[in-house]
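A.B. asks: Structure file data.pdb, PDB, C-alpha atoms, is pasted below:
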```pdb
ATOM      1  CA  MET A 428       1.027 -18.018 -91.335
ATOM      2  CA  THR A 429       1.385 -15.175 -93.859
ATOM      3  CA  SER A 430      -0.703 -14.626 -96.964
ATOM      4  CA  SER A 431       1.476 -15.682 -99.868
ATOM      5  CA  GLN A 432      -1.403 -15.740-102.325
ATOM      6  CA  PRO A 433      -3.743 -12.796-102.948
ATOM      7  CA  THR A 434      -7.348 -13.138-101.886
ATOM      8  CA  THR A 435      -8.327 -10.696-104.645
ATOM      9  CA  PRO A 436      -5.953 -11.470-107.540
ATOM     10  CA  SER A 437      -6.694  -8.304-109.503
ATOM     11  CA  GLY A 438      -6.764  -6.005-106.489
ATOM     12  CA  ALA A 439     -10.009  -4.587-107.856
ATOM     13  CA  ASP A 440     -11.809  -4.771-104.496
ATOM     14  CA  LEU A 441      -9.152  -2.927-102.518
ATOM     15  CA  GLU A 442     -10.152   0.256-100.747
ATOM     16  CA  ALA A 443      -6.635   1.249 -99.662
ATOM     17  CA  VAL A 444      -3.005   0.144 -99.700
ATOM     18  CA  ILE A 445      -0.676   0.840 -96.772
ATOM     19  CA  LEU A 446       2.986   0.536 -97.678
ATOM     20  CA  ASP A 447       6.212   0.367 -95.744
ATOM     21  CA  TYR A 448       8.998   2.578 -97.087
ATOM     22  CA  ASN A 449      12.448   1.047 -96.663
ATOM     23  CA  GLY A 450      12.800  -2.284 -98.435
ATOM     24  CA  VAL A 451       9.665  -1.690-100.512
ATOM     25  CA  ILE A 452       9.750   1.792-102.040
ATOM     26  CA  GLY A 453      13.167   2.691-100.699
ATOM     27  CA  ARG A 454      16.275   0.785-101.648
ATOM     28  CA  GLN A 455      18.579  -0.616 -98.979
ATOM     29  CA  PRO A 456      21.876   1.283 -98.599
ATOM     30  CA  GLY A 457      24.999  -0.308 -99.976
ATOM     31  CA  PRO A 458      28.363  -1.037 -98.330
ATOM     32  CA  ALA A 459      29.905   2.241 -99.530
ATOM     33  CA  GLN A 460      27.170   4.271 -97.830
ATOM     34  CA  TRP A 461      27.561   2.391 -94.571
ATOM     35  CA  ALA A 462      31.332   2.850 -94.735
ATOM     36  CA  ARG A 463      30.949   6.596 -95.299
ATOM     37  CA  LEU A 464      28.607   6.952 -92.346
ATOM     38  CA  ALA A 465      30.874   4.880 -90.099
ATOM     39  CA  GLU A 466      33.880   6.995 -91.102
ATOM     40  CA  LEU A 467      32.013  10.197 -90.278
ATOM     41  CA  ALA A 468      31.282   8.761 -86.832
ATOM     42  CA  GLY A 469      34.980   8.026 -86.287
ATOM     43  CA  TRP A 470      35.038   4.286 -86.941
ATOM     44  CA  HIS A 471      37.861   2.638 -88.864
ATOM     45  CA  PRO A 472      37.037   1.073 -92.269
ATOM     46  CA  HIS A 473      37.432  -2.483 -90.938
ATOM     47  CA  GLU A 474      34.877  -1.683 -88.213
ATOM     48  CA  THR A 475      31.975  -0.924 -90.551
ATOM     49  CA  HIS A 476      30.123  -4.136 -89.702
ATOM     50  CA  ALA A 477      30.459  -3.442 -85.972
ATOM     51  CA  PHE A 478      29.225   0.092 -86.596
ATOM     52  CA  GLN A 479      26.118  -1.267 -88.353
ATOM     53  CA  GLN A 480      25.369  -3.509 -85.382
ATOM     54  CA  ALA A 481      25.733  -0.598 -82.952
ATOM     55  CA  PHE A 482      23.614   1.580 -85.243
ATOM     56  CA  TRP A 483      20.665  -0.835 -85.179
ATOM     57  CA  GLN A 484      20.986  -1.488 -81.459
ATOM     58  CA  ARG A 485      20.393   2.223 -80.845
ATOM     59  CA  ARG A 486      17.924   2.890 -83.645
ATOM     60  CA  GLU A 487      14.574   1.856 -82.152
ATOM     61  CA  PRO A 488      14.154   4.777 -79.701
ATOM     62  CA  TYR A 489      15.304   7.202 -82.422
ATOM     63  CA  ASP A 490      12.722   5.850 -84.878
ATOM     64  CA  GLN A 491      10.139   5.989 -82.109
ATOM     65  CA  GLY A 492      10.804   9.672 -81.487
ATOM     66  CA  VAL A 493      12.030   9.069 -77.925
ATOM     67  CA  ALA A 494      15.697   9.844 -78.660
ATOM     68  CA  LEU A 495      16.725  13.110 -80.308
ATOM     69  CA  THR A 496      19.213  13.236 -83.184
ATOM     70  CA  HIS A 497      22.184  14.302 -81.052
ATOM     71  CA  THR A 498      21.316  11.653 -78.433
ATOM     72  CA  PHE A 499      21.219   8.921 -81.065
ATOM     73  CA  TRP A 500      24.613   9.872 -82.450
ATOM     74  CA  SER A 501      26.335  10.561 -79.128
ATOM     75  CA  GLY A 502      26.605   6.860 -78.353
ATOM     76  CA  LEU A 503      27.924   6.002 -81.822
ATOM     77  CA  LEU A 504      30.879   8.377 -82.044
ATOM     78  CA  ARG A 505      34.430   7.036 -81.716
ATOM     79  CA  ASN A 506      38.028   8.282 -81.495
ATOM     80  CA  GLY A 507      37.240  11.419 -79.546
ATOM     81  CA  ARG A 508      34.620  12.773 -81.896
ATOM     82  CA  THR A 509      31.750  14.809 -80.493
ATOM     83  CA  ALA A 510      28.667  16.190 -82.219
ATOM     84  CA  PRO A 511      26.823  18.625 -79.953
ATOM     85  CA  VAL A 512      23.596  20.301 -81.035
ATOM     86  CA  GLY A 513      24.308  22.811 -83.814
ATOM     87  CA  SER A 514      27.689  21.303 -84.733
ATOM     88  CA  THR A 515      28.894  20.777 -88.289
ATOM     89  CA  LEU A 516      29.530  17.097 -87.573
ATOM     90  CA  LEU A 517      26.010  16.485 -86.274
ATOM     91  CA  ALA A 518      24.571  18.100 -89.402
ATOM     92  CA  ALA A 519      26.830  15.953 -91.612
ATOM     93  CA  LEU A 520      25.843  12.759 -89.790
ATOM     94  CA  ALA A 521      22.150  13.571 -90.058
ATOM     95  CA  ARG A 522      22.475  14.396 -93.755
ATOM     96  CA  ALA A 523      24.440  11.219 -94.538
ATOM     97  CA  ASP A 524      21.871   9.161 -92.621
ATOM     98  CA  ILE A 525      19.017  10.678 -94.618
ATOM     99  CA  ASP A 526      20.868  10.210 -97.910
ATOM    100  CA  MET A 527      21.268   6.492 -97.153
ATOM    101  CA  TRP A 528      17.517   5.936 -97.030
ATOM    102  CA  THR A 529      16.125   8.152 -99.785
ATOM    103  CA  ALA A 530      17.060   6.198-102.920
ATOM    104  CA  THR A 531      13.877   4.733-104.389
ATOM    105  CA  ASP A 532      13.014   1.823-106.686
ATOM    106  CA  PRO A 533      11.620   3.313-109.924
ATOM    107  CA  ALA A 534       9.813   0.069-110.794
ATOM    108  CA  VAL A 535       7.838   0.210-107.543
ATOM    109  CA  LEU A 536       7.058   3.887-108.016
ATOM    110  CA  ASP A 537       5.740   3.158-111.519
ATOM    111  CA  LEU A 538       3.368   0.558-110.069
ATOM    112  CA  LEU A 539       2.175   3.004-107.435
ATOM    113  CA  HIS A 540       1.574   5.724-110.015
ATOM    114  CA  THR A 541      -0.624   3.258-111.911
ATOM    115  CA  ALA A 542      -2.510   2.311-108.744
ATOM    116  CA  HIS A 543      -2.917   5.974-107.832
ATOM    117  CA  ALA A 544      -4.420   6.656-111.261
ATOM    118  CA  THR A 545      -7.226   4.192-110.461
ATOM    119  CA  GLY A 546      -8.232   6.331-107.487
ATOM    120  CA  LEU A 547      -6.919   3.857-104.913
ATOM    121  CA  ARG A 548      -5.913   5.529-101.659
ATOM    122  CA  LEU A 549      -2.254   5.000-100.755
ATOM    123  CA  VAL A 550      -0.836   5.556 -97.268
ATOM    124  CA  LEU A 551       2.807   5.336 -96.203
ATOM    125  CA  LEU A 552       3.556   3.690 -92.832
ATOM    126  CA  SER A 553       7.214   3.755 -91.898
ATOM    127  CA  ASN A 554       9.438   3.345 -88.881
ATOM    128  CA  ALA A 555      11.437   6.529 -89.368
ATOM    129  CA  PRO A 556      12.960   9.273 -87.194
ATOM    130  CA  LYS A 557      11.720  12.823 -87.651
ATOM    131  CA  PRO A 558      14.534  14.049 -89.955
ATOM    132  CA  LEU A 559      13.951  11.193 -92.396
ATOM    133  CA  ALA A 560      10.172  11.566 -92.148
ATOM    134  CA  ASN A 561      10.478  15.244 -93.103
ATOM    135  CA  ALA A 562      12.762  14.392 -96.040
ATOM    136  CA  LEU A 563      10.362  11.755 -97.363
ATOM    137  CA  ASP A 564       7.387  14.092 -97.108
ATOM    138  CA  ASP A 565       9.332  16.681 -99.113
ATOM    139  CA  ALA A 566       9.966  14.219-101.950
ATOM    140  CA  GLU A 567       7.832  14.825-105.040
ATOM    141  CA  TRP A 568       6.843  11.166-105.390
ATOM    142  CA  CYS A 569       5.569  11.095-101.816
ATOM    143  CA  ALA A 570       3.498  14.269-102.132
ATOM    144  CA  THR A 571       2.049  13.022-105.430
ATOM    145  CA  LEU A 572       1.200   9.438-104.532
ATOM    146  CA  PHE A 573       0.257   9.380-100.878
ATOM    147  CA  SER A 574      -2.855  10.901 -99.400
ATOM    148  CA  ARG A 575      -1.335  10.618 -95.933
ATOM    149  CA  THR A 576       1.936   9.534 -94.336
ATOM    150  CA  VAL A 577       2.355   7.980 -90.890
ATOM    151  CA  TYR A 578       5.780   7.789 -89.234
ATOM    152  CA  SER A 579       6.754   6.099 -85.997
ATOM    153  CA  ALA A 580       8.538   9.165 -84.617
ATOM    154  CA  ARG A 581       5.365  11.235 -84.989
ATOM    155  CA  ILE A 582       3.001   8.746 -83.328
ATOM    156  CA  GLY A 583       5.401   7.420 -80.685
ATOM    157  CA  VAL A 584       5.302   3.721 -81.614
ATOM    158  CA  ASN A 585       7.144   1.523 -84.087
ATOM    159  CA  LYS A 586       5.709  -1.265 -86.177
ATOM    160  CA  PRO A 587       4.699  -3.956 -85.354
ATOM    161  CA  HIS A 588       2.837  -2.213 -82.504
ATOM    162  CA  LYS A 589      -0.916  -2.409 -83.067
ATOM    163  CA  ARG A 590      -1.335   1.354 -82.723
ATOM    164  CA  ALA A 591       0.860   1.976 -85.769
ATOM    165  CA  TYR A 592      -1.558   0.054 -87.997
ATOM    166  CA  GLU A 593      -4.569   1.690 -86.409
ATOM    167  CA  ALA A 594      -3.052   5.103 -87.147
ATOM    168  CA  ALA A 595      -2.473   4.091 -90.767
ATOM    169  CA  LEU A 596      -6.039   2.812 -91.179
ATOM    170  CA  GLU A 597      -7.330   6.078 -89.743
ATOM    171  CA  ALA A 598      -5.106   8.005 -92.157
ATOM    172  CA  ALA A 599      -6.572   5.931 -95.004
ATOM    173  CA  GLY A 600     -10.104   6.986 -94.043
ATOM    174  CA  MET A 601     -10.942   3.848 -92.041
ATOM    175  CA  PRO A 602     -11.299   1.355 -94.918
ATOM    176  CA  HIS A 603     -12.423  -2.135 -93.977
ATOM    177  CA  PRO A 604      -9.272  -4.046 -92.927
ATOM    178  CA  SER A 605     -10.190  -6.980 -95.191
ATOM    179  CA  LYS A 606     -10.150  -4.585 -98.156
ATOM    180  CA  THR A 607      -6.858  -3.008 -97.155
ATOM    181  CA  LEU A 608      -3.536  -4.351 -98.406
ATOM    182  CA  PHE A 609      -0.455  -3.892 -96.218
ATOM    183  CA  VAL A 610       2.983  -4.303 -97.829
ATOM    184  CA  ASP A 611       6.239  -4.673 -95.887
ATOM    185  CA  ASP A 612       9.577  -6.430 -96.292
ATOM    186  CA  ARG A 613       9.638  -7.561 -92.647
ATOM    187  CA  LEU A 614       7.704 -10.689 -91.755
ATOM    188  CA  ASP A 615       6.875  -9.600 -88.188
ATOM    189  CA  ASN A 616       5.260  -6.423 -89.502
ATOM    190  CA  VAL A 617       3.234  -8.388 -92.037
ATOM    191  CA  GLU A 618       2.021 -10.859 -89.416
ATOM    192  CA  ALA A 619       0.885  -8.006 -87.155
ATOM    193  CA  ALA A 620      -1.202  -6.549 -89.994
ATOM    194  CA  GLU A 621      -2.792  -9.925 -90.679
ATOM    195  CA  GLN A 622      -3.769 -10.211 -87.033
ATOM    196  CA  LEU A 623      -5.851  -7.061 -87.515
ATOM    197  CA  GLY A 624      -7.662  -8.669 -90.461
ATOM    198  CA  MET A 625      -5.764  -6.899 -93.219
ATOM    199  CA  GLN A 626      -4.593  -8.447 -96.446
ATOM    200  CA  ALA A 627      -0.810  -8.516 -96.414
ATOM    201  CA  LEU A 628       2.132  -9.022 -98.724
ATOM    202  CA  HIS A 629       5.540  -9.961 -97.397
ATOM    203  CA  TYR A 630       7.425  -8.097-100.105
ATOM    204  CA  PRO A 631      10.279 -10.156-101.567
ATOM    205  CA  GLY A 632      11.890  -7.305-103.479
ATOM    206  CA  ASP A 633      10.209  -8.325-106.736
ATOM    207  CA  PRO A 634       7.951  -5.590-108.187
ATOM    208  CA  ALA A 635       6.010  -8.255-110.091
ATOM    209  CA  ALA A 636       4.818  -9.709-106.777
ATOM    210  CA  LEU A 637       3.448  -6.302-105.825
ATOM    211  CA  ALA A 638       1.884  -5.776-109.255
ATOM    212  CA  ARG A 639      -0.175  -8.950-108.835
ATOM    213  CA  ARG A 640      -1.806  -7.502-105.719
ATOM    214  CA  LEU A 641      -2.670  -4.059-107.109
ATOM    215  CA  PRO A 642      -5.588  -2.976-109.316
ATOM    216  CA  PRO A 643      -5.076  -3.222-113.080
ATOM    217  CA  PRO A 644      -4.345  -0.006-114.986
ATOM    218  CA  PRO A 645      -7.408   2.112-115.763
ATOM    219  CA  ALA A 646      -8.977   1.277-119.102
ATOM    220  CA  VAL A 647      -8.120   3.593-121.949
ATOM    221  CA  THR A 648     -11.201   4.962-123.660
ATOM    222  CA  ARG A 649     -10.709   5.117-127.388
ATOM    223  CA  PRO A 650     -12.490   7.933-129.241
ATOM    224  CA  THR A 651     -15.364   6.790-131.451
ATOM    225  CA  ALA A 652     -14.920   7.658-135.092
ATOM    226  CA  LEU A 653     -17.708   9.941-136.353
ATOM    227  CA  ALA A 654     -19.421   8.940-139.573
ATOM    228  CA  THR A 655     -19.247  11.559-142.303
ATOM    229  CA  SER A 656     -21.851  12.115-145.020
ATOM    230  CA  ALA A 657     -21.089  13.023-148.614
TER     231      ALA A 657
END
```
So that I can check it, write out the structure of this file as structure tokens.
C.D. replies:
Amino acid sequence: MTSSQPTTPSGADLEAVILDYNGVIGRQPGPAQWARLAELAGWHPHETHAFQQAFWQRREPYDQGVALTHTFWSGLLRNGRTAPVGSTLLAALARADIDMWTATDPAVLDLLHTAHATGLRLVLLSNAPKPLANALDDAEWCATLFSRTVYSARIGVNKPHKRAYEAALEAAGMPHPSKTLFVDDRLDNVEAAEQLGMQALHYPGDPAALARRLPPPPAVTRPTALATSA
């Protein structure tokens, strides 16, 4: 059973927050982006749904860092297309793939900036291949908000493997799990975090649900008016 209600409503007792990227901070790609990627790989427009299915069937070892970029794409190309290492097509496929996953939700980023201003440690934990991991680390919001980032391709395991969460807790400075909030849009990932004693939020796509689990904004200190003498 997942935690649908916060154990610390204000989030004031949190020592760290570990966040998934795609589906929480990152927005899901739309049909036009999937169609563009499928076309680059040589699929016909009416085959975009089948391309998506094939894409996800091959994705796990790529996210895990086991499969290289050209290996991942080699099994997805159609109609005689090839994309050897160093080819223009391989570069275009990799770029289009990265572009699909780097659009962010400004409302979520605003909440994280507020949480960061309280001194709360934020760590990113994402199932992501190395090219996407590098692109996320290069993003200004990521460098500003996150003290550390942990990606599946760099540690060799995908969520919901226990070692992924242990790596994230270590990156967060080993906070107590009960004072660590984990946020993810996938239920199996959330349940795995709860099994390690962490607070968890199955993110529904509503920034207000995340706001209720984070610390309140830091208090604004108003200057005290000085009395003047005649």
A.B. asks: What's the separation between CA of Gly624 in chain A and CA of Ser553 in chain A, in Å to one decimal place?
C.D. replies: 19.4 Å
A.B. asks: Spell out the residues picked by the PyMOL selection byres ((chain A and resi 538-548) around 9) here, as a ChimeraX atom specification.
C.D. replies: /A:441-445,533-537,549-550,568,571-575,599-600,634,637-638,641-645
A.B. asks: Once you count all atoms listed in the file, which residues end up no further than 12 Å from (19.7, 2.9, -101.4) in the file's frame, shown as a list of chain:residue names?
C.D. replies: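 With a cut-off of 12 Å, the residues come to A:Tyr448, A:Asn449, A:Gly450, A:Val451, A:Ile452, A:Gly453, A:Arg454, A:Gln455, A:Pro456, A:Gly457, A:Pro458, A:Ala459, A:Gln460, A:Trp461, A:Ala523, A:Asp524, A:Ile525, A:Asp526, A:Met527, A:Trp528, A:Thr529, A:Ala530, A:Thr531, A:Asp532, A:Pro533.
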A.B. asks: Hey, what comes out of the PyMOL selection byres ((chain A and resi 622) around 12) on this file? Could you write it as a list in words?
C.D. replies: Met428, Thr429, Ser430, Pro587, His588, Lys589, Tyr592, Glu593, Pro604, Ser605, Phe609, Asp615, Asn616, Val617, Glu618, Ala619, Ala620, Glu621, Leu623, Gly624, Met625, Gln626 and Ala627 of chain A
A.B. asks: For the provided coordinates, the residues matched by the PyMOL selection byres ((chain A and resi 585) around 8) should be stated as a list of chain:residue names.
C.D. replies: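 Selected by the PyMOL selection byres ((chain A and resi 585) around 8) here: A:Glu487, A:Asp490, A:Gln491, A:Asn554, A:Ser579, A:Ala580, A:Gly583, A:Val584, A:Lys586, A:Pro587, A:His588, A:Ala591.
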A.B. asks: Could you jot down the CA of Ala562 in chain A to CA of Ala518 in chain A separation for me, Å, one decimal place?
C.D. replies: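 Between CA of Ala562 in chain A and CA of Ala518 in chain A the gap is 14.0 Å.
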A.B. asks: Counting all atoms listed in the file, which residue out of A:Leu503, A:Ala521, A:Leu516, A:Arg613 sits closest to Ala477 in chain A?
C.D. replies: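 Among the listed residues, the smallest separation from Ala477 in chain A belongs to A:Leu503.
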A.B. asks: Measure the distance from CA of Asp612 in chain A to CA of Tyr630 in chain A in Å and round it to one decimal.
C.D. replies: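 Interatomic distance here is 4.7 Å.
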